[in-house]
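Okay, so here's the structure we're looking at.
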Amino acid sequence: MKILFFIESLQSGGKERRLVELLKGLSKYSDLKCDILLNENKIDYKEVLELDANIHCIAKKSKYDLGLFLRIFQIIKKINPDIIYSWGHLQSVYSVLPKILLNKKLINGMVTTAPGKVRKFSKTWTYCKLTFPFSDVIISNSKAGLISHNVPVAKRHCIYNGFNFKRLEKIKTKDAMRKELGISSKYTVGMVGAFAERKDFDTFAIVANHLLETRYDITFIAVGDGYNLENVKGKVKEKIKERFIFTGKRNDVESIVNIFDVAVLLTKQNDNFGEGISNSIMEYMALGKAVIASDNGGNKEIIINNKTGFLTDNNPKTVIKLISDIIDNEEKKEEMGKKGLKVIKDSFSIDKMVANHVELFIETKKD
């Protein structure tokens with residue numbers, strides 16, 4: 001069976017890393033042949049080059065390149081897959097014509113977020129209307145995403161992300177990481193994510209401003225990069241800046257998360273965005289961290305409130321209280337971390353994600 005994975009690029013990102021991990025897992029199945037089609041020749045995950053998968057790139061020649069549809073159709077015809085698996089809004093749109101004219105199965109993977117509501121006549125709403133009727137399966141990494149996008153029940157399929165524990169085999173020691181970052185405080189509170197509108201680093205900064213005024217035993221760490229980084233930096237009060245570290249983009253995120261005492265992910269939910277299953281939360285829990293996350297999207301599908309972490313609104317006072325409660329209760333912090341790790345091992349393993357995809361491919365081709 002040949003599967004064509006169609007994604008914009010393989011530059012650094014949660015969706016992109018999830019695809020690479022899936023491809024690595026599928027490489028163990030000798031009866032599966034995987035091809036990758038990109039719209040941009042950007043590959044940050046170099047390990048994909050070591051896989052037995054052909055990589056093709058059909059890029060735009062101009063902003064309004066209508067010939068792109070024809071070139072994509074021609075390359076898909078040449079590859080001749082049994083299943084087209086699209087990993088993006090535009091990739092799903094581009095896949096409709098080959099699906100119809102070449103009689104291919106289409107797994108539509110454009111649903112990766114769980115907004116409060118998909119606004120009528122928005123771009124996302126339009127993509128849904130253009131692609132859902134022609135998709136054989138519409139897949140998401142969260143049940144919340146399928147519901148918020150109003151996916152037809154008969155076409156819904158949810159496969160949770162899988163965490164690859166091999167990523168933790170070469171992490172730095174806690175002492176080495178703390179020394180590298182210049183941390184001397186007893187505790188650390190961290191958040192990992194892109195500095196973009198959808199991540200609420202603004203509230204994270206407000207929480208730090210208030211908490212660090214009275215507590216000198218905590219360092220805050222913000223991991224990531226993006227257009228909103230400088231704006232967030234400007235919100236941190238001068239007198240606490242020595243205890244608020246901005247790491248920028250890092251390739252050793254797991255090593256940094258490993259020194260967190262409390263792992264936070266605050267996100268905004270609106271008509272455009274809401275978390276599906278967050279890779280950051282999976283990393284937190286895989287490393288045995290107590291988690292505080294916004295109560296929206298698919299977060300409640302991975303976090304058991306008051307057991308593996310806390311689901312909260314983004315009220316700074318609430319977040320401050322939860323951080324303090326965790327830090328001041330070592331036993332509770334350890335218990336939450338252990339239970340969270342068990343959830344990842346039981347329900348969010350990479351092996352389970354890969355096996356569920358293989359089962360989906362078999363069923364889709366059969367139908």
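Here's how to read the names in the structure tokens: chain A, B, ... by the order shown, residue numbers from 1 in each chain, ligand numbers from 1 in the order shown.
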
Find the residues around Leu146 in chain A up to 12 Å (only C-alpha atoms counted), leave out those fewer than 2 positions away in its own chain, and share them as a ChimeraX atom specification.
/A:108-118,128,132,137-144,148-159,274,276,297-298

Tell me, as a PyMOL selection string, which residues lie within 6 Å of Thr219 in chain A, counting only C-alpha atoms; anything in the same chain fewer than 6 positions away does not count.
chain A and resi 188+243-244

For Val189 in chain A, work out the shell of residues within 6 Å, counting only C-alpha atoms and skipping chain neighbours fewer than 3 positions away, then give it as a compact mmCIF listing (two decimals) with N, CA, C and O atoms, in the first residue's frame.
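So the final result, stored in around07.txt, reads:
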```
# COMPACT_ATOMS: atom_id res chain seq x y z
N PHE A 220 11.41 32.01 36.44
CA PHE A 220 10.51 31.74 35.33
C PHE A 220 11.33 31.56 34.05
O PHE A 220 12.31 32.27 33.82
N PHE A 260 12.00 22.01 34.98
CA PHE A 260 10.80 22.69 35.48
C PHE A 260 10.28 21.99 36.73
O PHE A 260 10.26 20.76 36.81
N ASP A 261 9.82 22.77 37.68
CA ASP A 261 9.04 22.23 38.80
C ASP A 261 7.56 22.31 38.49
O ASP A 261 6.78 21.44 38.88
N VAL A 262 7.18 23.35 37.80
CA VAL A 262 5.81 23.52 37.33
C VAL A 262 5.87 23.85 35.85
O VAL A 262 6.60 24.75 35.43
```

Excluding Ile245 in chain A and any residue of its chain fewer than 2 positions from it, enumerate the residues within 9 Å of it, using only C-alpha atoms, and give them as a list in words.
Leu181, Thr219, Phe220, Ile221, Ala222, Val223, Lys241, Glu242, Arg243 and Thr247 of chain A

Which parts of range 182-366 of chain A does DSSP call strand (DSSP E or B) when run on the backbone here, written out as a ChimeraX atom specification?
/A:187-192,199,218-223,244-248,262-265,267,290-294,305,309-312,349

Keeping C-alpha atoms for every residue in the selection just given, could you write it to a file as a PDB file, in the first residue's frame?
```
ATOM      1  CA  TYR A 187      12.298  26.237  41.876  1.00  0.00           C
ATOM      2  CA  THR A 188      11.570  26.893  38.211  1.00  0.00           C
ATOM      3  CA  VAL A 189       8.296  27.575  36.425  1.00  0.00           C
ATOM      4  CA  GLY A 190       8.354  27.202  32.661  1.00  0.00           C
ATOM      5  CA  MET A 191       6.288  27.519  29.519  1.00  0.00           C
ATOM      6  CA  VAL A 192       7.137  26.269  26.019  1.00  0.00           C
ATOM      7  CA  LYS A 199      -0.121  31.459  23.101  1.00  0.00           C
ATOM      8  CA  ILE A 218      11.539  30.853  41.813  1.00  0.00           C
ATOM      9  CA  THR A 219      12.871  31.469  38.301  1.00  0.00           C
ATOM     10  CA  PHE A 220      10.508  31.743  35.326  1.00  0.00           C
ATOM     11  CA  ILE A 221      11.590  30.323  31.960  1.00  0.00           C
ATOM     12  CA  ALA A 222       9.942  31.022  28.588  1.00  0.00           C
ATOM     13  CA  VAL A 223      11.081  28.739  25.771  1.00  0.00           C
ATOM     14  CA  PHE A 244      12.858  35.594  34.114  1.00  0.00           C
ATOM     15  CA  ILE A 245      14.776  33.791  31.369  1.00  0.00           C
ATOM     16  CA  PHE A 246      13.862  33.934  27.694  1.00  0.00           C
ATOM     17  CA  THR A 247      15.761  31.128  25.960  1.00  0.00           C
ATOM     18  CA  GLY A 248      14.686  31.842  22.382  1.00  0.00           C
ATOM     19  CA  VAL A 262       5.805  23.518  37.334  1.00  0.00           C
ATOM     20  CA  ALA A 263       5.077  23.321  33.587  1.00  0.00           C
ATOM     21  CA  VAL A 264       2.585  25.842  32.215  1.00  0.00           C
ATOM     22  CA  LEU A 265       0.758  26.193  28.910  1.00  0.00           C
ATOM     23  CA  THR A 267      -3.422  29.453  25.349  1.00  0.00           C
ATOM     24  CA  ALA A 290       2.886  18.793  37.234  1.00  0.00           C
ATOM     25  CA  VAL A 291       1.013  20.765  34.570  1.00  0.00           C
ATOM     26  CA  ILE A 292      -1.109  23.917  34.585  1.00  0.00           C
ATOM     27  CA  ALA A 293      -2.942  24.505  31.308  1.00  0.00           C
ATOM     28  CA  SER A 294      -5.802  26.563  29.937  1.00  0.00           C
ATOM     29  CA  ASN A 305      -7.956  17.931  36.359  1.00  0.00           C
ATOM     30  CA  GLY A 309      -2.410  18.729  36.621  1.00  0.00           C
ATOM     31  CA  PHE A 310      -4.762  21.672  36.705  1.00  0.00           C
ATOM     32  CA  LEU A 311      -7.071  23.068  34.031  1.00  0.00           C
ATOM     33  CA  THR A 312      -7.666  26.756  34.546  1.00  0.00           C
ATOM     34  CA  SER A 349       2.674   6.429  23.071  1.00  0.00           C
TER      35      SER A 349
END
```

DSSP says helix (DSSP H, G or I) for which residues of range 123-169 of chain A? Put them as a count of residues only?
25

9 Å contact set for Met282 in chain A, only C-alpha atoms, chain neighbours under 5 positions out, as a ChimeraX atom specification
/A:161-163,277,287,302,340-341,344,348

Once you have the residues from the selection above, write them out as a PDB file, in the first residue's frame, restricted to all heavy atoms.
```
ATOM      1  N   ASN A 161      -1.827  12.235  19.373  1.00  0.00           N
ATOM      2  CA  ASN A 161      -0.382  12.305  19.162  1.00  0.00           C
ATOM      3  C   ASN A 161       0.308  11.228  19.987  1.00  0.00           C
ATOM      4  O   ASN A 161      -0.202  10.793  21.014  1.00  0.00           O
ATOM      5  CB  ASN A 161       0.164  13.670  19.620  1.00  0.00           C
ATOM      6  CG  ASN A 161      -0.435  14.829  18.858  1.00  0.00           C
ATOM      7  OD1 ASN A 161      -1.256  14.649  17.969  1.00  0.00           O
ATOM      8  ND2 ASN A 161      -0.024  16.026  19.213  1.00  0.00           N
ATOM      9  N   GLY A 162       1.485  10.849  19.549  1.00  0.00           N
ATOM     10  CA  GLY A 162       2.278   9.892  20.313  1.00  0.00           C
ATOM     11  C   GLY A 162       3.623  10.485  20.694  1.00  0.00           C
ATOM     12  O   GLY A 162       4.245  11.192  19.898  1.00  0.00           O
ATOM     13  N   PHE A 163       4.056  10.216  21.914  1.00  0.00           N
ATOM     14  CA  PHE A 163       5.348  10.728  22.367  1.00  0.00           C
ATOM     15  C   PHE A 163       6.406   9.647  22.233  1.00  0.00           C
ATOM     16  O   PHE A 163       6.211   8.504  22.649  1.00  0.00           O
ATOM     17  CB  PHE A 163       5.274  11.189  23.823  1.00  0.00           C
ATOM     18  CG  PHE A 163       6.552  11.842  24.295  1.00  0.00           C
ATOM     19  CD1 PHE A 163       6.795  13.173  24.014  1.00  0.00           C
ATOM     20  CD2 PHE A 163       7.522  11.109  24.964  1.00  0.00           C
ATOM     21  CE1 PHE A 163       7.979  13.780  24.420  1.00  0.00           C
ATOM     22  CE2 PHE A 163       8.706  11.707  25.376  1.00  0.00           C
ATOM     23  CZ  PHE A 163       8.932  13.037  25.101  1.00  0.00           C
ATOM     24  N   ILE A 277      -4.326  18.489  20.701  1.00  0.00           N
ATOM     25  CA  ILE A 277      -3.508  17.833  21.721  1.00  0.00           C
ATOM     26  C   ILE A 277      -2.133  18.465  21.635  1.00  0.00           C
ATOM     27  O   ILE A 277      -1.452  18.360  20.620  1.00  0.00           O
ATOM     28  CB  ILE A 277      -3.428  16.310  21.507  1.00  0.00           C
ATOM     29  CG1 ILE A 277      -4.803  15.686  21.689  1.00  0.00           C
ATOM     30  CG2 ILE A 277      -2.430  15.691  22.482  1.00  0.00           C
ATOM     31  CD1 ILE A 277      -5.398  15.813  23.079  1.00  0.00           C
ATOM     32  N   LEU A 287       7.921  13.894  31.005  1.00  0.00           N
ATOM     33  CA  LEU A 287       9.045  14.160  31.899  1.00  0.00           C
ATOM     34  C   LEU A 287       8.606  14.242  33.361  1.00  0.00           C
ATOM     35  O   LEU A 287       9.369  14.646  34.230  1.00  0.00           O
ATOM     36  CB  LEU A 287       9.740  15.459  31.490  1.00  0.00           C
ATOM     37  CG  LEU A 287      10.654  15.305  30.262  1.00  0.00           C
ATOM     38  CD1 LEU A 287      10.898  16.638  29.586  1.00  0.00           C
ATOM     39  CD2 LEU A 287      11.971  14.642  30.655  1.00  0.00           C
ATOM     40  N   ILE A 302      -6.236  15.207  27.653  1.00  0.00           N
ATOM     41  CA  ILE A 302      -4.934  14.685  28.068  1.00  0.00           C
ATOM     42  C   ILE A 302      -4.655  14.952  29.547  1.00  0.00           C
ATOM     43  O   ILE A 302      -3.992  14.150  30.215  1.00  0.00           O
ATOM     44  CB  ILE A 302      -3.801  15.273  27.190  1.00  0.00           C
ATOM     45  CG1 ILE A 302      -2.454  14.624  27.525  1.00  0.00           C
ATOM     46  CG2 ILE A 302      -3.730  16.769  27.269  1.00  0.00           C
ATOM     47  CD1 ILE A 302      -1.348  14.974  26.552  1.00  0.00           C
ATOM     48  N   GLY A 340       0.768  11.720  35.508  1.00  0.00           N
ATOM     49  CA  GLY A 340       0.835  12.251  34.155  1.00  0.00           C
ATOM     50  C   GLY A 340       1.687  11.388  33.242  1.00  0.00           C
ATOM     51  O   GLY A 340       1.331  11.125  32.090  1.00  0.00           O
ATOM     52  N   LEU A 341       2.813  10.928  33.755  1.00  0.00           N
ATOM     53  CA  LEU A 341       3.689  10.043  32.992  1.00  0.00           C
ATOM     54  C   LEU A 341       2.960   8.765  32.602  1.00  0.00           C
ATOM     55  O   LEU A 341       3.086   8.279  31.466  1.00  0.00           O
ATOM     56  CB  LEU A 341       4.934   9.712  33.815  1.00  0.00           C
ATOM     57  CG  LEU A 341       5.904   8.684  33.237  1.00  0.00           C
ATOM     58  CD1 LEU A 341       6.415   9.122  31.872  1.00  0.00           C
ATOM     59  CD2 LEU A 341       7.075   8.454  34.194  1.00  0.00           C
ATOM     60  N   ILE A 344       0.653   9.312  29.614  1.00  0.00           N
ATOM     61  CA  ILE A 344       1.379   9.349  28.336  1.00  0.00           C
ATOM     62  C   ILE A 344       1.753   7.934  27.894  1.00  0.00           C
ATOM     63  O   ILE A 344       1.569   7.569  26.722  1.00  0.00           O
ATOM     64  CB  ILE A 344       2.640  10.231  28.444  1.00  0.00           C
ATOM     65  CG1 ILE A 344       2.262  11.673  28.784  1.00  0.00           C
ATOM     66  CG2 ILE A 344       3.434  10.194  27.137  1.00  0.00           C
ATOM     67  CD1 ILE A 344       1.362  12.345  27.776  1.00  0.00           C
ATOM     68  N   PHE A 348      -0.790   7.811  25.035  1.00  0.00           N
ATOM     69  CA  PHE A 348      -0.182   8.716  24.067  1.00  0.00           C
ATOM     70  C   PHE A 348       1.213   8.250  23.652  1.00  0.00           C
ATOM     71  O   PHE A 348       2.110   9.071  23.440  1.00  0.00           O
ATOM     72  CB  PHE A 348      -0.122  10.133  24.651  1.00  0.00           C
ATOM     73  CG  PHE A 348      -1.474  10.751  24.882  1.00  0.00           C
ATOM     74  CD1 PHE A 348      -2.143  10.541  26.075  1.00  0.00           C
ATOM     75  CD2 PHE A 348      -2.085  11.514  23.901  1.00  0.00           C
ATOM     76  CE1 PHE A 348      -3.395  11.097  26.300  1.00  0.00           C
ATOM     77  CE2 PHE A 348      -3.339  12.070  24.115  1.00  0.00           C
ATOM     78  CZ  PHE A 348      -3.990  11.855  25.321  1.00  0.00           C
TER      79      PHE A 348
END
```

12 Å contact set for Asn41 in chain A, only C-alpha atoms, chain neighbours under 6 positions out, as JSON, numbers by chain
{"A": [7, 8, 9, 10, 11, 55, 56, 57, 58, 59, 60]}

Calculated over only C-alpha atoms, which of the candidates A:Asp200, A:Asp225, A:Glu335, A:Glu254 has the smallest distance to Phe165 in chain A?
A:Glu254

Sorted per-residue table, range 212-305 of chain A near range 12-15 of chain A, closest atoms and distance, 9 Å, only C-alpha atoms, as JSON lines:
```
{"residue": "A:Ser278", "atom": "CA", "partner": "A:Gly14", "partner_atom": "CA", "distance": 8.1}
{"residue": "A:Asn279", "atom": "CA", "partner": "A:Gly14", "partner_atom": "CA", "distance": 6.3}
{"residue": "A:Ser280", "atom": "CA", "partner": "A:Gly14", "partner_atom": "CA", "distance": 8.6}
```

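Using only C-alpha atoms for every distance, the candidate list A:Tyr29, A:Trp87, A:Phe201, A:Phe361 yields A:Trp87 as the residue closest to Phe6 in chain A.
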
What is the distance, in Å and to one decimal place, between CA of Met336 in chain A and CA of Lys307 in chain A?
5.7 Å

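Minimum atom-to-atom distance to Leu37 in chain A, evaluated using only C-alpha atoms, belongs to A:Ile3 out of A:Tyr216, A:Asn164, A:Ile3, A:Lys172.
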